[in-house]
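One structure is given below, encoded as structure tokens.
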Amino acid sequence: MQALHTAATGMAAQELNVQVISNNIANLRTTGFKKQTAAFEDLIYEHVRRVGAQASDQGTILPVGVDIGGGVKTVGTPRSMTQGTLSQTGNDLDLAISGEGFFKILMPDGTFQYTRDGTFQMDNQGRVVTAGGNPVQPTITIPNNASGITVNEQGQVTVTLPGSSTNTVLGQIGVTRFINKAGLQPVGSNQFVETTSSGAPQDGTANSEGYGKITQGSLEQANVDVVSEMSDLIAAQRAYEMNAKVISAADQMMQSTTALFR
């Protein structure tokens, strides 16, 4: 019976839906995390009677057809890139982007990855790096005798050096944007890589046209809405249960039919 397979596809779809929701909830407190949603589409149909076909020799046309659906499949898990709320930390190297853009990170193999997680530290060379030790671009090196680290809205990093009455500019942290940021590929560690779908990276200056501003001493929180996720979880659970009941009902009907023809 086709209903068994159809309902099974529904159960598999809702199982994946719950997996996506669980990942969103698990990353509720992950800095810069962007939530995902599961998107579905119906499968190919069996056209038993095609709509618009001729119904008689007199030329009458069928106003409706008989189309038997094959179920559902996952078409994607698009990521929402909406802005998360900013949480103040007071740490000099905690940075958040308000608006468009990502921090650009240099990886050990010479490639670049991109992140909204501005939880930065200094390594043993004084460079501003991610929690994984990879330098933020352009590379900024802070002298070990520097004090009063300041990062303005444009990403310009200044410090106070001993014996100097003025601030010293060390460099400027850049911001990178993409035409289709939802097309970025997540690779873990709160980082993304560019893809054909995302388009080429466009490096720029924070707080300039088309680029968000940088806020020092703050971090961007995950854009996960707990109430919405719990509501989606309940709906997914109910849909899974209904598909399971369809399988049970179809199985009972098959057994009854088999018994009739014994």
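Every chain in the structure tokens takes a letter, A first, then B, and so on in the order presented; its residues are numbered from 1, and the ligands are numbered from 1 following the presented order.
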Could you build a table of the residues in stretch 56-132 of chain A lying no more than 8 Å from stretch 208-227 of chain A, giving for each the nearest pair of atoms and their separation in Å rounded to one decimal place, using only C-alpha atoms, ordered by chain and ascending residue number, as JSON lines?
```
{"residue": "A:Thr82", "atom": "CA", "partner": "A:Asn223", "partner_atom": "CA", "distance": 6.8}
{"residue": "A:Gln83", "atom": "CA", "partner": "A:Asn223", "partner_atom": "CA", "distance": 6.6}
{"residue": "A:Gly84", "atom": "CA", "partner": "A:Asn223", "partner_atom": "CA", "distance": 4.5}
{"residue": "A:Thr85", "atom": "CA", "partner": "A:Gln221", "partner_atom": "CA", "distance": 5.5}
{"residue": "A:Leu86", "atom": "CA", "partner": "A:Glu220", "partner_atom": "CA", "distance": 4.5}
{"residue": "A:Ser87", "atom": "CA", "partner": "A:Leu219", "partner_atom": "CA", "distance": 5.3}
{"residue": "A:Gln88", "atom": "CA", "partner": "A:Ser218", "partner_atom": "CA", "distance": 4.2}
{"residue": "A:Thr89", "atom": "CA", "partner": "A:Ser218", "partner_atom": "CA", "distance": 5.3}
{"residue": "A:Gly90", "atom": "CA", "partner": "A:Gly217", "partner_atom": "CA", "distance": 4.4}
{"residue": "A:Asn91", "atom": "CA", "partner": "A:Gly217", "partner_atom": "CA", "distance": 4.9}
{"residue": "A:Asp92", "atom": "CA", "partner": "A:Gly217", "partner_atom": "CA", "distance": 5.4}
{"residue": "A:Leu93", "atom": "CA", "partner": "A:Gly217", "partner_atom": "CA", "distance": 6.7}
{"residue": "A:Asp94", "atom": "CA", "partner": "A:Gly217", "partner_atom": "CA", "distance": 5.0}
{"residue": "A:Leu95", "atom": "CA", "partner": "A:Gln216", "partner_atom": "CA", "distance": 4.8}
{"residue": "A:Ala96", "atom": "CA", "partner": "A:Leu219", "partner_atom": "CA", "distance": 4.8}
{"residue": "A:Ile97", "atom": "CA", "partner": "A:Ile214", "partner_atom": "CA", "distance": 4.7}
{"residue": "A:Ser98", "atom": "CA", "partner": "A:Gly212", "partner_atom": "CA", "distance": 5.1}
{"residue": "A:Gly99", "atom": "CA", "partner": "A:Gly212", "partner_atom": "CA", "distance": 3.9}
{"residue": "A:Glu100", "atom": "CA", "partner": "A:Gly212", "partner_atom": "CA", "distance": 4.6}
{"residue": "A:Gly101", "atom": "CA", "partner": "A:Tyr211", "partner_atom": "CA", "distance": 5.9}
{"residue": "A:Arg116", "atom": "CA", "partner": "A:Glu220", "partner_atom": "CA", "distance": 7.4}
{"residue": "A:Asp117", "atom": "CA", "partner": "A:Glu220", "partner_atom": "CA", "distance": 7.0}
{"residue": "A:Gly118", "atom": "CA", "partner": "A:Leu219", "partner_atom": "CA", "distance": 6.3}
{"residue": "A:Thr119", "atom": "CA", "partner": "A:Leu219", "partner_atom": "CA", "distance": 7.1}
```
(message) Among stretch 19-258 of chain A, which ones does DSSP assign to helix (DSSP H, G or I) (computed from the backbone)? Answer as JSON, numbers by chain.
(response) {"A": [19, 20, 21, 22, 23, 24, 25, 26, 181, 182, 183, 226, 227, 228, 229, 230, 231, 232, 233, 234, 235, 236, 237, 238, 239, 240, 241, 242, 243, 244, 245, 246, 247, 248, 249, 250, 251, 252, 253, 254, 255, 256, 257, 258]}
(request) Calculate how many Å separate atom CA of A:Gln2 from atom CA of A:Val48, rounding to one decimal. (result) 13.5 Å
(request) May I ask which of the residues A:Ala239, A:Ala55, A:Ala250, A:Phe112 is the closest one to A:Thr195, counting only C-alpha atoms? (result) A:Phe112
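With atom CA of A:Arg79 on one side and atom CA of A:Gln121 on the other, the separation reads 27.6 Å.
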(request) as a PyMOL selection string, list the residues of stretch 1-76 of chain A assigned to strand (DSSP E or B) by DSSP on the backbone atoms of this structure. (result) chain A and resi 36+39-42+45-49+54+61+66-69+72-76
Prev. selection, N, CA and C atoms, output as a compact mmCIF listing (two decimals), in the first residue's frame:
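The result, stored in part_1.txt:
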```
# COMPACT_ATOMS: atom_id res chain seq x y z
N GLN A 36 18.53 27.72 12.10
CA GLN A 36 18.11 27.11 10.84
C GLN A 36 16.65 26.68 10.93
N ALA A 39 13.08 23.08 5.47
CA ALA A 39 12.14 23.38 4.38
C ALA A 39 11.84 22.09 3.62
N PHE A 40 10.56 21.89 3.30
CA PHE A 40 10.13 20.64 2.66
C PHE A 40 9.40 20.92 1.35
N GLU A 41 9.34 19.88 0.51
CA GLU A 41 8.53 19.97 -0.71
C GLU A 41 7.91 18.60 -0.99
N ASP A 42 6.77 18.62 -1.69
CA ASP A 42 6.10 17.35 -1.98
C ASP A 42 6.83 16.60 -3.09
N TYR A 45 4.11 13.09 -8.32
CA TYR A 45 2.75 12.54 -8.23
C TYR A 45 2.53 11.47 -9.29
N GLU A 46 1.68 10.52 -8.93
CA GLU A 46 1.20 9.53 -9.90
C GLU A 46 -0.13 10.06 -10.45
N HIS A 47 -0.16 10.33 -11.74
CA HIS A 47 -1.35 10.92 -12.36
C HIS A 47 -2.24 9.80 -12.89
N VAL A 48 -3.18 9.36 -12.08
CA VAL A 48 -4.10 8.30 -12.47
C VAL A 48 -5.05 8.81 -13.55
N ARG A 49 -5.60 10.00 -13.35
CA ARG A 49 -6.41 10.67 -14.37
C ARG A 49 -5.93 12.11 -14.45
N GLN A 54 -9.55 14.52 -22.03
CA GLN A 54 -10.88 14.33 -22.61
C GLN A 54 -11.59 13.20 -21.89
N ILE A 61 -14.34 17.66 -20.92
CA ILE A 61 -13.01 17.72 -20.32
C ILE A 61 -13.12 17.50 -18.81
N VAL A 66 -7.05 12.86 -10.92
CA VAL A 66 -6.74 11.99 -9.79
C VAL A 66 -5.22 11.90 -9.70
N ASP A 67 -4.68 12.60 -8.72
CA ASP A 67 -3.23 12.66 -8.54
C ASP A 67 -2.88 12.09 -7.17
N ILE A 68 -2.06 11.04 -7.15
CA ILE A 68 -1.68 10.39 -5.90
C ILE A 68 -0.27 10.85 -5.53
N GLY A 69 -0.17 11.56 -4.40
CA GLY A 69 1.13 12.09 -3.98
C GLY A 69 2.04 11.02 -3.41
N VAL A 72 6.79 13.45 1.03
CA VAL A 72 7.50 14.70 1.25
C VAL A 72 9.00 14.44 1.33
N LYS A 73 9.78 15.45 1.00
CA LYS A 73 11.23 15.34 1.16
C LYS A 73 11.79 16.69 1.62
N THR A 74 12.96 16.64 2.22
CA THR A 74 13.62 17.86 2.67
C THR A 74 14.30 18.53 1.50
N VAL A 75 14.01 19.81 1.31
CA VAL A 75 14.63 20.54 0.21
C VAL A 75 15.79 21.39 0.69
N GLY A 76 15.85 21.67 1.98
CA GLY A 76 16.96 22.47 2.49
C GLY A 76 16.76 22.80 3.96
```
(request) Could you check how far atom CA of A:Asn24 sits from atom CA of A:Thr37, in Å to one decimal? (result)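 A separation of 8.8 Å between them.
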(message) Just checking: using only C-alpha atoms, which residue out of A:Gly70, A:Val20, A:Gly65, A:Phe102 ends up closest to A:Ile44?
(response)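 Checking each candidate against A:Ile44, we get A:Gly70 as the closest.
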(request) Kindly indicate which residue among A:Ile142, A:Met81, A:Ala26, A:Val169 lies nearest to A:Leu184, using only C-alpha atoms for the distances. (result) A:Met81
